[in-house]
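File shown: protein04.pdb (PDB, C-alpha atoms).
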```
ATOM      1  CA  ASN A  19       3.710  -2.683  -8.329
ATOM      2  CA  GLN A  20       4.894   0.778  -7.301
ATOM      3  CA  PHE A  21       1.587   2.299  -8.424
ATOM      4  CA  LEU A  22      -0.644  -0.076  -6.468
ATOM      5  CA  GLY A  23       1.690   0.254  -3.496
ATOM      6  CA  ASN A  24       1.276   4.034  -3.536
ATOM      7  CA  CYS A  25      -2.448   3.754  -4.070
ATOM      8  CA  SER A  26      -3.116   1.165  -1.376
ATOM      9  CA  GLY A  27      -1.221   3.059   1.300
ATOM     10  CA  ASN A  28      -2.942   6.410   0.848
ATOM     11  CA  LEU A  29      -6.659   5.699   0.655
ATOM     12  CA  PRO A  30      -8.857   7.297   3.296
ATOM     13  CA  LEU A  31     -11.426   5.047   4.919
ATOM     14  CA  PRO A  32     -14.055   4.127   3.897
ATOM     15  CA  ASN A  33     -12.781   4.759   0.356
ATOM     16  CA  ARG A  34     -10.669   1.710  -0.406
ATOM     17  CA  PHE A  35     -11.262   1.718  -4.146
ATOM     18  CA  GLY A  36      -8.484   3.797  -5.646
ATOM     19  CA  LEU A  37      -6.794   3.730  -8.970
ATOM     20  CA  ILE A  38      -4.543   5.494 -11.365
ATOM     21  CA  ALA A  39      -4.185   5.410 -15.119
ATOM     22  CA  ILE A  40      -0.699   5.576 -16.519
ATOM     23  CA  LYS A  41       0.771   5.886 -19.937
ATOM     24  CA  PRO A  42       4.013   4.079 -20.694
ATOM     25  CA  LYS A  43       6.691   6.311 -22.124
ATOM     26  CA  PRO A  44       8.177   5.215 -25.450
ATOM     27  CA  GLY A  45      10.194   2.044 -25.114
ATOM     28  CA  SER A  46       8.457   0.725 -21.979
ATOM     29  CA  ASN A  47       5.834  -1.994 -21.794
ATOM     30  CA  GLY A  48       3.656  -0.399 -19.101
ATOM     31  CA  PHE A  49       4.495  -2.936 -16.421
ATOM     32  CA  SER A  50       8.133  -1.982 -16.062
ATOM     33  CA  GLY A  51      10.342   0.787 -17.251
ATOM     34  CA  THR A  52       9.445   4.451 -17.386
ATOM     35  CA  THR A  53       5.804   5.468 -17.091
ATOM     36  CA  LYS A  54       3.814   8.597 -16.332
ATOM     37  CA  VAL A  55       0.702   8.988 -14.181
ATOM     38  CA  ILE A  56      -1.857  10.768 -16.355
ATOM     39  CA  ALA A  57      -5.073  10.442 -14.330
ATOM     40  CA  GLU A  58      -6.236   9.403 -10.886
ATOM     41  CA  GLY A  59      -9.661   8.433  -9.659
ATOM     42  CA  ARG A  60     -11.460   7.656  -6.431
ATOM     43  CA  ASN A  61     -14.696   5.859  -5.700
ATOM     44  CA  GLN A  62     -17.321   8.491  -4.961
ATOM     45  CA  SER A  63     -20.384   6.258  -4.953
ATOM     46  CA  ASP A  64     -21.609   7.999  -1.807
ATOM     47  CA  LYS A  65     -22.417  10.932  -4.158
ATOM     48  CA  ASN A  66     -23.520   8.888  -7.177
ATOM     49  CA  PRO A  67     -23.857   5.079  -7.217
ATOM     50  CA  THR A  68     -22.141   4.837 -10.625
ATOM     51  CA  TRP A  69     -19.196   7.092  -9.717
ATOM     52  CA  HIS A  70     -16.669   4.315  -9.242
ATOM     53  CA  GLY A  71     -12.936   4.992  -9.261
ATOM     54  CA  GLU A  72     -12.439   3.653 -12.780
ATOM     55  CA  ILE A  73     -15.203   5.924 -14.109
ATOM     56  CA  ASP A  74     -13.665   8.885 -12.267
ATOM     57  CA  ALA A  75     -10.211   8.187 -13.751
ATOM     58  CA  ILE A  76     -11.586   7.726 -17.283
ATOM     59  CA  ASN A  77     -13.569  10.981 -17.027
ATOM     60  CA  ARG A  78     -10.529  12.870 -15.719
ATOM     61  CA  LEU A  79      -8.356  11.389 -18.447
ATOM     62  CA  ALA A  80     -10.849  12.390 -21.145
ATOM     63  CA  ALA A  81     -11.033  15.946 -19.768
ATOM     64  CA  ASP A  82      -7.319  16.433 -19.122
ATOM     65  CA  VAL A  83      -5.763  14.623 -22.104
ATOM     66  CA  PRO A  84      -8.110  14.921 -25.081
ATOM     67  CA  GLY A  85      -7.190  12.746 -28.031
ATOM     68  CA  ILE A  86      -5.072  10.303 -26.012
ATOM     69  CA  ASP A  87      -4.526   6.816 -27.390
ATOM     70  CA  TYR A  88      -6.248   4.875 -24.596
ATOM     71  CA  SER A  89      -4.890   1.575 -25.906
ATOM     72  CA  LYS A  90      -1.440   2.622 -24.664
ATOM     73  CA  CYS A  91      -2.761   3.202 -21.119
ATOM     74  CA  VAL A  92      -2.614   0.870 -18.148
ATOM     75  CA  LEU A  93      -5.193   1.271 -15.395
ATOM     76  CA  TYR A  94      -4.010   0.211 -11.934
ATOM     77  CA  THR A  95      -6.657  -0.350  -9.263
ATOM     78  CA  THR A  96      -6.827  -1.787  -5.760
ATOM     79  CA  ALA A  97      -9.811  -4.000  -6.674
ATOM     80  CA  GLU A  98     -10.902  -5.834  -9.795
ATOM     81  CA  PRO A  99     -13.188  -3.621 -11.897
ATOM     82  CA  CYS A 100     -16.886  -4.419 -11.570
ATOM     83  CA  PRO A 101     -18.752  -5.301 -14.792
ATOM     84  CA  MET A 102     -19.938  -1.681 -15.254
ATOM     85  CA  CYS A 103     -16.397  -0.345 -14.923
ATOM     86  CA  GLN A 104     -14.828  -3.051 -17.061
ATOM     87  CA  GLY A 105     -17.408  -2.233 -19.727
ATOM     88  CA  ALA A 106     -16.403   1.444 -19.546
ATOM     89  CA  ILE A 107     -12.740   0.427 -19.756
ATOM     90  CA  LEU A 108     -13.528  -1.504 -22.948
ATOM     91  CA  TRP A 109     -15.542   1.397 -24.418
ATOM     92  CA  ALA A 110     -12.612   3.729 -23.689
ATOM     93  CA  GLY A 111     -10.211   1.245 -25.290
ATOM     94  CA  ILE A 112      -7.793   1.083 -22.340
ATOM     95  CA  GLY A 113      -5.198  -1.553 -23.190
ATOM     96  CA  SER A 114      -4.463  -3.104 -19.787
ATOM     97  CA  VAL A 115      -5.857  -3.329 -16.261
ATOM     98  CA  VAL A 116      -3.809  -4.348 -13.219
ATOM     99  CA  PHE A 117      -5.547  -5.016  -9.895
ATOM    100  CA  GLY A 118      -4.981  -6.512  -6.443
ATOM    101  CA  THR A 119      -8.209  -7.672  -4.785
ATOM    102  CA  THR A 120     -10.655  -9.873  -6.708
ATOM    103  CA  ILE A 121     -14.423  -9.482  -6.949
ATOM    104  CA  ARG A 122     -14.720 -12.996  -5.473
ATOM    105  CA  PHE A 123     -12.724 -11.954  -2.371
ATOM    106  CA  LEU A 124     -14.945  -8.911  -1.895
ATOM    107  CA  ILE A 125     -18.077 -11.054  -2.113
ATOM    108  CA  ASP A 126     -16.622 -13.608   0.304
ATOM    109  CA  ILE A 127     -16.042 -10.918   2.944
ATOM    110  CA  GLY A 128     -19.515  -9.427   2.546
ATOM    111  CA  TRP A 129     -19.075  -6.572   0.086
ATOM    112  CA  ARG A 130     -21.956  -6.115  -2.336
ATOM    113  CA  GLN A 131     -20.642  -6.935  -5.818
ATOM    114  CA  ILE A 132     -21.845  -8.348  -9.134
ATOM    115  CA  ASP A 133     -20.128 -11.729  -9.510
ATOM    116  CA  ILE A 134     -18.781 -11.324 -13.044
ATOM    117  CA  PRO A 135     -14.979 -11.180 -13.286
ATOM    118  CA  ALA A 136     -13.331  -8.532 -15.471
ATOM    119  CA  GLU A 137     -11.875 -11.225 -17.740
ATOM    120  CA  GLU A 138     -15.403 -12.502 -18.413
ATOM    121  CA  VAL A 139     -16.548  -9.029 -19.489
ATOM    122  CA  VAL A 140     -13.576  -8.801 -21.865
ATOM    123  CA  ARG A 141     -14.216 -12.323 -23.190
ATOM    124  CA  ARG A 142     -17.843 -11.453 -23.972
ATOM    125  CA  GLY A 143     -16.876  -8.278 -25.823
ATOM    126  CA  PRO A 144     -15.891  -9.594 -29.261
ATOM    127  CA  GLY A 145     -13.462  -7.284 -30.976
ATOM    128  CA  TRP A 146     -12.407  -5.593 -27.725
ATOM    129  CA  GLN A 147      -8.930  -6.124 -26.349
ATOM    130  CA  CYS A 148      -7.798  -5.486 -22.797
ATOM    131  CA  LEU A 149      -5.120  -7.379 -20.922
ATOM    132  CA  ILE A 150      -6.263  -8.194 -17.356
ATOM    133  CA  VAL A 151      -3.564  -8.819 -14.729
ATOM    134  CA  GLY A 152      -4.870  -9.667 -11.264
ATOM    135  CA  GLY A 153      -3.387 -10.505  -7.906
ATOM    136  CA  ILE A 154      -0.716  -7.781  -7.863
ATOM    137  CA  LEU A 155      -0.042  -6.804  -4.211
ATOM    138  CA  GLU A 156      -3.125  -8.885  -3.466
ATOM    139  CA  SER A 157      -2.560  -9.340   0.274
ATOM    140  CA  GLU A 158      -1.912  -5.612   0.774
ATOM    141  CA  CYS A 159      -5.030  -4.685  -1.190
ATOM    142  CA  ASN A 160      -7.120  -7.360   0.563
ATOM    143  CA  GLU A 161      -6.094  -5.854   3.898
ATOM    144  CA  LEU A 162      -7.676  -2.541   2.884
ATOM    145  CA  PHE A 163     -11.034  -4.243   2.455
ATOM    146  CA  LEU A 164     -10.751  -6.220   5.700
ATOM    147  CA  ARG A 165     -10.584  -3.027   7.782
ATOM    148  CA  PRO A 166     -13.824  -2.103   9.565
ATOM    149  CA  ARG A 167     -16.152  -0.009   7.472
ATOM    150  CA  VAL A 168     -16.753   3.472   8.807
ATOM    151  CA  ARG A 169     -20.016   4.038   6.961
ATOM    152  CA  PRO A 170     -21.711   0.782   5.961
ATOM    153  CA  ARG A 171     -23.543   1.154   2.694
ATOM    154  CA  SER A 172     -27.282   0.697   2.777
ATOM    155  CA  ASP A 173     -28.878  -1.665   0.288
ATOM    156  CA  LYS A 174     -32.082   0.388   0.427
ATOM    157  CA  CYS A 175     -32.890   3.094  -2.072
ATOM    158  CA  ALA A 176     -33.953   6.504  -0.757
ATOM    159  CA  THR A 177     -37.599   7.337  -1.322
TER     160      THR A 177
END
```

Is it possible to express this structure as structure tokens?
Amino acid sequence: NQFLGNCSGNLPLPNRFGLIAIKPKPGSNGFSGTTKVIAEGRNQSDKNPTWHGEIDAINRLAADVPGIDYSKCVLYTTAEPCPMCQGAILWAGIGSVVFGTTIRFLIDIGWRQIDIPAEEVVRRGPGWQCLIVGGILESECNELFLRPRVRPRSDKCAT
């Protein structure tokens, strides 16, 4: 909870998608006890449509901590990973994902999303393992996405 609390309070608008990857220290389970932040990411889809926060954190983690055992990492994010990001999380082998806002909530309030929950992506990836924990600080994270958008995203591609 402390990680999502820190993340949700410090995101500049319109960037509400923020996350951190942490590695539990020996003897902790990742959800409580002693942990260490090892990578942070921010949604930068205004620069590249696939540069979501999860992708940014995974890329930073790969660059900064080569050879890490991703299965021991927990990725905390304000919103449920989209199918692209959850796929990348599986490919990386990250062991757990904790999020606040759901994809369904984002769709219901008008955000453009692909309606496939993270758990469904994991379920359809035989042999992959990733614990999904949703609804953590959900109301606080939802509030981030209810704020007026500064720069509405266009659904049109540039020509």

**Request:** Evaluate the PyMOL selection byres ((chain A and resi 119) around 10) here and jot the selected residues down as a PyMOL selection string.
**Result:** chain A and resi 35+95-99+117-118+120-124+152-163

Deliver the residues from the most recent selection as a file, using C-alpha atoms, as a PDB file, in the coordinates of the input.
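Final file, part27.pdb:
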```pdb
ATOM      1  CA  PHE A  35     -11.262   1.718  -4.146  1.00  0.00           C
ATOM      2  CA  THR A  95      -6.657  -0.350  -9.263  1.00  0.00           C
ATOM      3  CA  THR A  96      -6.827  -1.787  -5.760  1.00  0.00           C
ATOM      4  CA  ALA A  97      -9.811  -4.000  -6.674  1.00  0.00           C
ATOM      5  CA  GLU A  98     -10.902  -5.834  -9.795  1.00  0.00           C
ATOM      6  CA  PRO A  99     -13.188  -3.621 -11.897  1.00  0.00           C
ATOM      7  CA  PHE A 117      -5.547  -5.016  -9.895  1.00  0.00           C
ATOM      8  CA  GLY A 118      -4.981  -6.512  -6.443  1.00  0.00           C
ATOM      9  CA  THR A 120     -10.655  -9.873  -6.708  1.00  0.00           C
ATOM     10  CA  ILE A 121     -14.423  -9.482  -6.949  1.00  0.00           C
ATOM     11  CA  ARG A 122     -14.720 -12.996  -5.473  1.00  0.00           C
ATOM     12  CA  PHE A 123     -12.724 -11.954  -2.371  1.00  0.00           C
ATOM     13  CA  LEU A 124     -14.945  -8.911  -1.895  1.00  0.00           C
ATOM     14  CA  GLY A 152      -4.870  -9.667 -11.264  1.00  0.00           C
ATOM     15  CA  GLY A 153      -3.387 -10.505  -7.906  1.00  0.00           C
ATOM     16  CA  ILE A 154      -0.716  -7.781  -7.863  1.00  0.00           C
ATOM     17  CA  LEU A 155      -0.042  -6.804  -4.211  1.00  0.00           C
ATOM     18  CA  GLU A 156      -3.125  -8.885  -3.466  1.00  0.00           C
ATOM     19  CA  SER A 157      -2.560  -9.340   0.274  1.00  0.00           C
ATOM     20  CA  GLU A 158      -1.912  -5.612   0.774  1.00  0.00           C
ATOM     21  CA  CYS A 159      -5.030  -4.685  -1.190  1.00  0.00           C
ATOM     22  CA  ASN A 160      -7.120  -7.360   0.563  1.00  0.00           C
ATOM     23  CA  GLU A 161      -6.094  -5.854   3.898  1.00  0.00           C
ATOM     24  CA  LEU A 162      -7.676  -2.541   2.884  1.00  0.00           C
ATOM     25  CA  PHE A 163     -11.034  -4.243   2.455  1.00  0.00           C
TER      26      PHE A 163
END
```

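Closest approach to Thr68 in chain A from the set A:Val151, A:Cys103, A:Val115, A:Ile132 is made by A:Cys103, with distances taken over all atoms listed in the file.
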
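Relative to CA of Arg165 in chain A, CA of Ala57 in chain A is found at 26.5 Å.
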
**Request:** Take CA of Ile76 in chain A and CA of Gln62 in chain A and report the distance between them in Å, one decimal.
**Result:** 13.6 Å

Leu149 in chain A: which residues within 10 Å, counting only C-alpha atoms, same-chain residues fewer than 2 positions away excluded, as a PDB file with C-alpha atoms, in the frame of the given file?
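Output file result_31.pdb is given in full below:
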```
ATOM      1  CA  VAL A  92      -2.614   0.870 -18.148  1.00  0.00           C
ATOM      2  CA  ILE A 112      -7.793   1.083 -22.340  1.00  0.00           C
ATOM      3  CA  GLY A 113      -5.198  -1.553 -23.190  1.00  0.00           C
ATOM      4  CA  SER A 114      -4.463  -3.104 -19.787  1.00  0.00           C
ATOM      5  CA  VAL A 115      -5.857  -3.329 -16.261  1.00  0.00           C
ATOM      6  CA  VAL A 116      -3.809  -4.348 -13.219  1.00  0.00           C
ATOM      7  CA  ALA A 136     -13.331  -8.532 -15.471  1.00  0.00           C
ATOM      8  CA  GLU A 137     -11.875 -11.225 -17.740  1.00  0.00           C
ATOM      9  CA  VAL A 140     -13.576  -8.801 -21.865  1.00  0.00           C
ATOM     10  CA  GLN A 147      -8.930  -6.124 -26.349  1.00  0.00           C
ATOM     11  CA  VAL A 151      -3.564  -8.819 -14.729  1.00  0.00           C
ATOM     12  CA  GLY A 152      -4.870  -9.667 -11.264  1.00  0.00           C
TER      13      GLY A 152
END
```

**Request:** Run the PyMOL selection byres ((chain A and resi 86) around 12) mentally over the shown coordinates, then write out the matched residues as a count of residues only, using the chain letters and numbers from the document.
**Result:** 22

**Item:** Of the listed residues A:Cys100, A:Val55, A:Cys148, A:Leu93, that which approaches Pro135 in chain A most closely, counting only C-alpha atoms
**Value:** A:Cys100

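One finds CA of Ile38 in chain A at 8.7 Å from CA of Gly71 in chain A.
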
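Among the candidate residues A:Pro166, A:Gly59, A:Pro101, A:Pro144, the one lying nearest to Trp129 in chain A is A:Pro166, with distances computed using all atoms listed in the file.
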